[in-house]
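Participant: My questions all concern the structure below.
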Amino acid sequence: MPELPEAETIARDLHPRLAGVRITGLRVIHDDVIAGDPRTFADGIAGLHLLGAGRRGKNVLLPLEDRSRIVVNLGMTGRLVTSDAARAGELRHLAVCFTLDDGRDLLYDDTRRFGRLQHLSAEAWLERDAELGIEPLSDRFTADALWRLTKRTRSPIRNFLLDQGKVAGVGNIYALEALFLAGIRPTRRGHRVTRREARRLRDALRDILSRAIRHRGTTFSDYRDASGEVGGFEPLLKVYGREGRPCTRCGTPIKRKVLTNRSAFYCPRCQA
DNA sequence: AACGCGCCCTGTCCGC
DNA sequence: TGCGGACAGGGCGCGT
C-alpha cells in the first residue's frame, strides 16, 4: 500500500517525465476515483502544462502552470504510470487516462478504487495542505515536536501514527516497522510515550522512511512504481506480515494483534 | 472534540 | 472443482 516512500518514489520518477508536458485530453473510465464532478475536473486541467511531480504525505502532486494542482491519493492499490513504461500494458484496472501532447499517456490504475484524484486551485491546496500533519523527513520533525503531539492523544501510538493530520505520510507498514526499531509496543497510549521514547521513535521513523525510499518502496502485494516495477524494501521488513516468524533480533515469534480493525505486528520481547 | 467504527471495493485465500 | 465467505486496509462520514 502506497505510503510516503512509495509516493516519493513515484513523484521522483514522474517529475522528469512530466515537466513541460501539456495535457491534451482526459478519458475517465471509473468516475468514482475523481473527487467532485468529473466534468469540472476535466475542464479545469484541459490544455494546461504540467510542471512536474511532487509529494505531500502520501499524496502525489502534479502542479500545473496556473498554480493549481492535481492531488493524487493512491489509496490501497492506486498506480500512476506513464504509457511509455515497459510494464504499462500490465495495468488491468485502468480508471483514468490523461492524454499528453508528446504522444504518451499518464495512466491511473486502481484495482480497489480506494484512491482519489482531485484538482485543487492554489488556494484550495493551501487549505488542504494545512490540514495535513508534519512531514517526518523535514527539519521541523524534531523529537520534541513529536513528543508534544503524542502527549495530546490517549489513542494507541500506532493509531496516532496513522493519523495524517498529525504526521503526514506514515501508514500501517512503516508505523509498525518504526515502532519495532524504537522498541515501543503499538498498543502503548500516546500520552504515555516518554520523551526518550519520542526521540527513538522520531529517529526510527526517519530511518525507516529514508531507507525505504532508497529501496524504492515496499511492495507487499500491490504497489508498483511509475514504471510499473515492484519496490525493493519488502525483504527488509522486520515485523509487518511476519506473524509467527522469529524476531530478527531475539528469535521470539512475532505477534499480531488487531487494533481498531487493522493488524498490528510486534515482537512481544523487544517491544515490552 | 477526540476517537472508534463501518463502509467503500476487488483479488486472494481458506474451508467445505 | 467450485463457490461462499472472510480478510486486507486508507480515508471519510458518522455517532458518541
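Each chain in the C-alpha cells gets a letter, A, B and so on, in the order shown; residues start at 1 in every chain, and ligands are counted from 1 in the order they appear.
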Excluding C:DG11 and any residue of its chain fewer than 6 positions from it, enumerate the residues within 10 Å of it, using only C-alpha atoms (C1' of nucleotides), and give them as a PyMOL selection string.
Facilitator: (chain A and resi 73+75+114-116+163-164) or (chain B and resi 8)
Participant: Residues as selected, C-alpha atoms (C1' of nucleotides), written as a CSV table (one decimal), in the first residue's frame, can you do that?
Facilitator:
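Result written to part-v7.csv:
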```
chain,number,residue,atom,x,y,z
A,73,ASN,CA,-4.2,9.9,-3.2
A,75,GLY,CA,-5.4,4.7,-1.6
A,114,PHE,CA,-9.9,3.5,-2.9
A,115,GLY,CA,-7.7,6.2,-4.4
A,116,ARG,CA,-8.9,9.7,-5.4
A,163,ASP,CA,-3.4,10.0,11.6
A,164,GLN,CA,-2.5,12.0,8.5
B,8,DC,C1',-16.2,1.5,0.1
```
Participant: So which residues of stretch 128-269 of chain A fall under strand (DSSP E) by DSSP, listed as a ChimeraX atom specification?
Facilitator: /A:255-259,262-266
Participant: How about saving the chosen residues, N, CA and C atoms kept, as a PDB file, in the first residue's frame?
Facilitator:
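Listed below is the output, result-v4.pdb:
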```pdb
ATOM      1  N   LYS A 255       4.166 -11.345  17.014  1.00  0.00           N
ATOM      2  CA  LYS A 255       2.730 -11.402  17.339  1.00  0.00           C
ATOM      3  C   LYS A 255       1.942 -10.475  16.440  1.00  0.00           C
ATOM      4  N   ARG A 256       0.665 -10.836  16.253  1.00  0.00           N
ATOM      5  CA  ARG A 256      -0.262  -9.971  15.531  1.00  0.00           C
ATOM      6  C   ARG A 256      -1.439  -9.663  16.441  1.00  0.00           C
ATOM      7  N   LYS A 257      -1.799  -8.409  16.508  1.00  0.00           N
ATOM      8  CA  LYS A 257      -2.960  -8.007  17.303  1.00  0.00           C
ATOM      9  C   LYS A 257      -3.762  -6.995  16.496  1.00  0.00           C
ATOM     10  N   VAL A 258      -5.074  -7.164  16.453  1.00  0.00           N
ATOM     11  CA  VAL A 258      -5.910  -6.237  15.701  1.00  0.00           C
ATOM     12  C   VAL A 258      -6.223  -5.020  16.562  1.00  0.00           C
ATOM     13  N   LEU A 259      -5.836  -3.858  16.069  1.00  0.00           N
ATOM     14  CA  LEU A 259      -6.120  -2.588  16.734  1.00  0.00           C
ATOM     15  C   LEU A 259      -7.043  -1.779  15.837  1.00  0.00           C
ATOM     16  N   ARG A 262      -7.295  -2.892  12.248  1.00  0.00           N
ATOM     17  CA  ARG A 262      -6.082  -3.021  11.435  1.00  0.00           C
ATOM     18  C   ARG A 262      -5.049  -3.847  12.181  1.00  0.00           C
ATOM     19  N   SER A 263      -4.363  -4.697  11.453  1.00  0.00           N
ATOM     20  CA  SER A 263      -3.367  -5.568  12.064  1.00  0.00           C
ATOM     21  C   SER A 263      -2.196  -4.760  12.615  1.00  0.00           C
ATOM     22  N   ALA A 264      -1.750  -5.150  13.803  1.00  0.00           N
ATOM     23  CA  ALA A 264      -0.504  -4.603  14.340  1.00  0.00           C
ATOM     24  C   ALA A 264       0.433  -5.780  14.585  1.00  0.00           C
ATOM     25  N   PHE A 265       1.646  -5.705  14.050  1.00  0.00           N
ATOM     26  CA  PHE A 265       2.648  -6.750  14.250  1.00  0.00           C
ATOM     27  C   PHE A 265       3.740  -6.194  15.157  1.00  0.00           C
ATOM     28  N   TYR A 266       4.201  -7.031  16.089  1.00  0.00           N
ATOM     29  CA  TYR A 266       5.260  -6.557  17.002  1.00  0.00           C
ATOM     30  C   TYR A 266       5.962  -7.751  17.640  1.00  0.00           C
TER      31      TYR A 266
END
```
Participant: Within 12 Å of chain C, which residues of chain A come that close, and what is the closest atom pair and distance in Å for each? Count only C-alpha atoms (C1' of nucleotides) and give it as CSV.
Facilitator:
```
residue,atom,partner,partner_atom,distance
A:Met1,CA,C:DG9,C1',8.4
A:Pro2,CA,C:DG10,C1',9.4
A:Glu3,CA,C:DG10,C1',9.6
A:Lys58,CA,C:DG10,C1',9.9
A:Asn59,CA,C:DG10,C1',11.6
A:Asn73,CA,C:DG10,C1',9.1
A:Leu74,CA,C:DG10,C1',8.8
A:Gly75,CA,C:DG10,C1',5.4
A:Met76,CA,C:DG10,C1',6.4
A:Thr77,CA,C:DG9,C1',10.0
A:Gly78,CA,C:DG10,C1',11.1
A:Arg112,CA,C:DG9,C1',10.5
A:Arg113,CA,C:DG10,C1',11.1
A:Phe114,CA,C:DG10,C1',7.4
A:Gly115,CA,C:DG10,C1',8.4
A:Arg116,CA,C:DG11,C1',9.9
A:Leu162,CA,C:DG10,C1',9.1
A:Asp163,CA,C:DG11,C1',9.9
A:Gln164,CA,C:DG11,C1',9.5
A:Gly165,CA,C:DG11,C1',11.6
A:Gly169,CA,C:DG10,C1',10.9
A:Val170,CA,C:DG10,C1',10.8
A:Gly171,CA,C:DG10,C1',8.1
A:Asn172,CA,C:DG9,C1',8.8
A:Ile173,CA,C:DG9,C1',10.9
A:Phe220,CA,C:DA8,C1',11.2
A:Ser221,CA,C:DA8,C1',10.1
A:Asp222,CA,C:DA8,C1',11.3
A:Gly241,CA,C:DA8,C1',11.3
A:Thr260,CA,C:DG9,C1',11.3
A:Asn261,CA,C:DG9,C1',8.7
A:Arg262,CA,C:DG9,C1',7.1
A:Ser263,CA,C:DG9,C1',9.2
```
Participant: What's the 12 Å shell around A:Ala85, counting only C-alpha atoms (C1' of nucleotides), without same-chain residues fewer than 3 positions away, as a PyMOL selection string?
Facilitator: chain A and resi 13-14+17+80-82+88-91+104-107+224-229
Participant: Mind listing as an NGL selection string which residues of chain B are within 9 Å of chain A, counting only C-alpha atoms (C1' of nucleotides)?
Facilitator: :B and (2-5 or 8-11)
Participant: Could the residues in this selection be written to a file with N, CA and C atoms (P, O5', C5', C4', C3', O3' and C1' of nucleotides), as a PDB file, in the first residue's frame?
Facilitator:
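Output below, filename result00.pdb:
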```
ATOM      1  P    DA B   2      -9.833  17.609  19.068  1.00  0.00           P
ATOM      2  O5'  DA B   2      -9.224  16.256  19.640  1.00  0.00           O
ATOM      3  C5'  DA B   2      -9.247  15.991  21.029  1.00  0.00           C
ATOM      4  C4'  DA B   2      -9.646  14.545  21.277  1.00  0.00           C
ATOM      5  C3'  DA B   2      -8.889  13.516  20.446  1.00  0.00           C
ATOM      6  O3'  DA B   2      -8.551  12.435  21.301  1.00  0.00           O
ATOM      7  C1'  DA B   2     -11.220  13.265  20.081  1.00  0.00           C
ATOM      8  P    DC B   3      -7.558  11.307  20.802  1.00  0.00           P
ATOM      9  O5'  DC B   3      -8.528  10.092  20.498  1.00  0.00           O
ATOM     10  C5'  DC B   3      -9.483   9.687  21.480  1.00  0.00           C
ATOM     11  C4'  DC B   3     -10.506   8.802  20.829  1.00  0.00           C
ATOM     12  C3'  DC B   3      -9.936   7.780  19.841  1.00  0.00           C
ATOM     13  O3'  DC B   3     -10.260   6.496  20.292  1.00  0.00           O
ATOM     14  C1'  DC B   3     -11.877   8.810  18.987  1.00  0.00           C
ATOM     15  P    DG B   4      -9.588   5.204  19.652  1.00  0.00           P
ATOM     16  O5'  DG B   4     -10.871   4.343  19.299  1.00  0.00           O
ATOM     17  C5'  DG B   4     -11.963   4.285  20.209  1.00  0.00           C
ATOM     18  C4'  DG B   4     -13.204   3.820  19.478  1.00  0.00           C
ATOM     19  C3'  DG B   4     -12.966   2.651  18.511  1.00  0.00           C
ATOM     20  O3'  DG B   4     -14.064   1.766  18.625  1.00  0.00           O
ATOM     21  C1'  DG B   4     -13.896   4.474  17.334  1.00  0.00           C
ATOM     22  P    DC B   5     -13.985   0.292  18.039  1.00  0.00           P
ATOM     23  O5'  DC B   5     -15.088   0.320  16.896  1.00  0.00           O
ATOM     24  C5'  DC B   5     -16.361   0.903  17.149  1.00  0.00           C
ATOM     25  C4'  DC B   5     -17.086   1.121  15.837  1.00  0.00           C
ATOM     26  C3'  DC B   5     -16.839   0.022  14.792  1.00  0.00           C
ATOM     27  O3'  DC B   5     -18.073  -0.348  14.222  1.00  0.00           O
ATOM     28  C1'  DC B   5     -16.414   2.140  13.865  1.00  0.00           C
ATOM     29  P    DC B   8     -20.987  -0.103   1.437  1.00  0.00           P
ATOM     30  O5'  DC B   8     -19.890   0.410   0.392  1.00  0.00           O
ATOM     31  C5'  DC B   8     -19.777   1.788   0.080  1.00  0.00           C
ATOM     32  C4'  DC B   8     -18.379   2.067  -0.416  1.00  0.00           C
ATOM     33  C3'  DC B   8     -17.915   1.094  -1.499  1.00  0.00           C
ATOM     34  O3'  DC B   8     -17.853   1.768  -2.748  1.00  0.00           O
ATOM     35  C1'  DC B   8     -16.207   1.536   0.141  1.00  0.00           C
ATOM     36  P    DC B   9     -18.398   0.979  -4.036  1.00  0.00           P
ATOM     37  O5'  DC B   9     -17.222  -0.063  -4.313  1.00  0.00           O
ATOM     38  C5'  DC B   9     -16.016   0.386  -4.893  1.00  0.00           C
ATOM     39  C4'  DC B   9     -14.965  -0.690  -4.798  1.00  0.00           C
ATOM     40  C3'  DC B   9     -15.379  -2.050  -5.346  1.00  0.00           C
ATOM     41  O3'  DC B   9     -15.006  -2.118  -6.705  1.00  0.00           O
ATOM     42  C1'  DC B   9     -14.013  -2.196  -3.371  1.00  0.00           C
ATOM     43  P    DT B  10     -15.412  -3.421  -7.573  1.00  0.00           P
ATOM     44  O5'  DT B  10     -14.171  -4.392  -7.365  1.00  0.00           O
ATOM     45  C5'  DT B  10     -12.891  -4.002  -7.820  1.00  0.00           C
ATOM     46  C4'  DT B  10     -11.872  -5.008  -7.335  1.00  0.00           C
ATOM     47  C3'  DT B  10     -12.111  -6.427  -7.843  1.00  0.00           C
ATOM     48  O3'  DT B  10     -10.845  -6.941  -8.201  1.00  0.00           O
ATOM     49  C1'  DT B  10     -11.925  -6.435  -5.501  1.00  0.00           C
ATOM     50  P    DG B  11     -10.703  -8.146  -9.226  1.00  0.00           P
ATOM     51  O5'  DG B  11      -9.436  -8.882  -8.615  1.00  0.00           O
ATOM     52  C5'  DG B  11      -8.291  -8.105  -8.269  1.00  0.00           C
ATOM     53  C4'  DG B  11      -7.460  -8.860  -7.265  1.00  0.00           C
ATOM     54  C3'  DG B  11      -7.239 -10.331  -7.592  1.00  0.00           C
ATOM     55  O3'  DG B  11      -5.901 -10.644  -7.227  1.00  0.00           O
ATOM     56  C1'  DG B  11      -8.339 -10.133  -5.500  1.00  0.00           C
TER      57       DG B  11
END
```
Participant: Between atom CA of A:Phe141 and atom CA of A:Cys270, what is the distance, to one decimal in Å?
Facilitator: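 Separation of atom CA of A:Phe141 and atom CA of A:Cys270: 25.2 Å.
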Participant: Atom CA of A:Pro268 and atom CA of A:Gly183, how far apart in Å?
Facilitator: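 Computing it gives 9.8 Å between the two atoms.
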Participant: Please provide the set of residues having any atom within 10 Å of A:Gly190, restricted to only C-alpha atoms (C1' of nucleotides), with same-chain residues fewer than 5 positions apart removed, written as a PDB file with C-alpha atoms, in the first residue's frame.
Facilitator:
```
ATOM      1  CA  TRP A 147       6.592  14.327  21.793  1.00  0.00           C
ATOM      2  CA  LEU A 149       1.936  15.674  19.553  1.00  0.00           C
ATOM      3  CA  THR A 150       1.941  12.258  21.232  1.00  0.00           C
ATOM      4  CA  LYS A 151       1.235  13.798  24.633  1.00  0.00           C
ATOM      5  CA  ARG A 152      -2.105  15.076  23.356  1.00  0.00           C
ATOM      6  CA  THR A 153      -3.650  11.711  22.474  1.00  0.00           C
ATOM      7  CA  ARG A 154      -4.839   8.744  24.520  1.00  0.00           C
ATOM      8  CA  SER A 155      -5.008   6.519  21.438  1.00  0.00           C
ATOM      9  CA  PRO A 156      -2.557   3.669  20.873  1.00  0.00           C
ATOM     10  CA  ILE A 157       0.649   5.098  19.390  1.00  0.00           C
ATOM     11  CA  ARG A 158       0.137   3.009  16.220  1.00  0.00           C
ATOM     12  CA  ASN A 159      -3.243   4.702  15.636  1.00  0.00           C
ATOM     13  CA  PHE A 160      -1.671   8.092  16.281  1.00  0.00           C
ATOM     14  CA  LEU A 161       0.967   7.434  13.626  1.00  0.00           C
ATOM     15  CA  ALA A 198       9.686  10.016  21.363  1.00  0.00           C
TER      16      ALA A 198
END
```
Participant: Where in stretch 10-161 of chain A does DSSP assign helix (DSSP H, G or I), given as a PyMOL selection string?
Facilitator: chain A and resi 10-18+31-33+38-45+88-90+122-131+143-151+157-161
Participant: In Å to one decimal, how far is atom CA of A:Tyr108 from atom CA of A:Arg55?
Facilitator: 16.3 Å
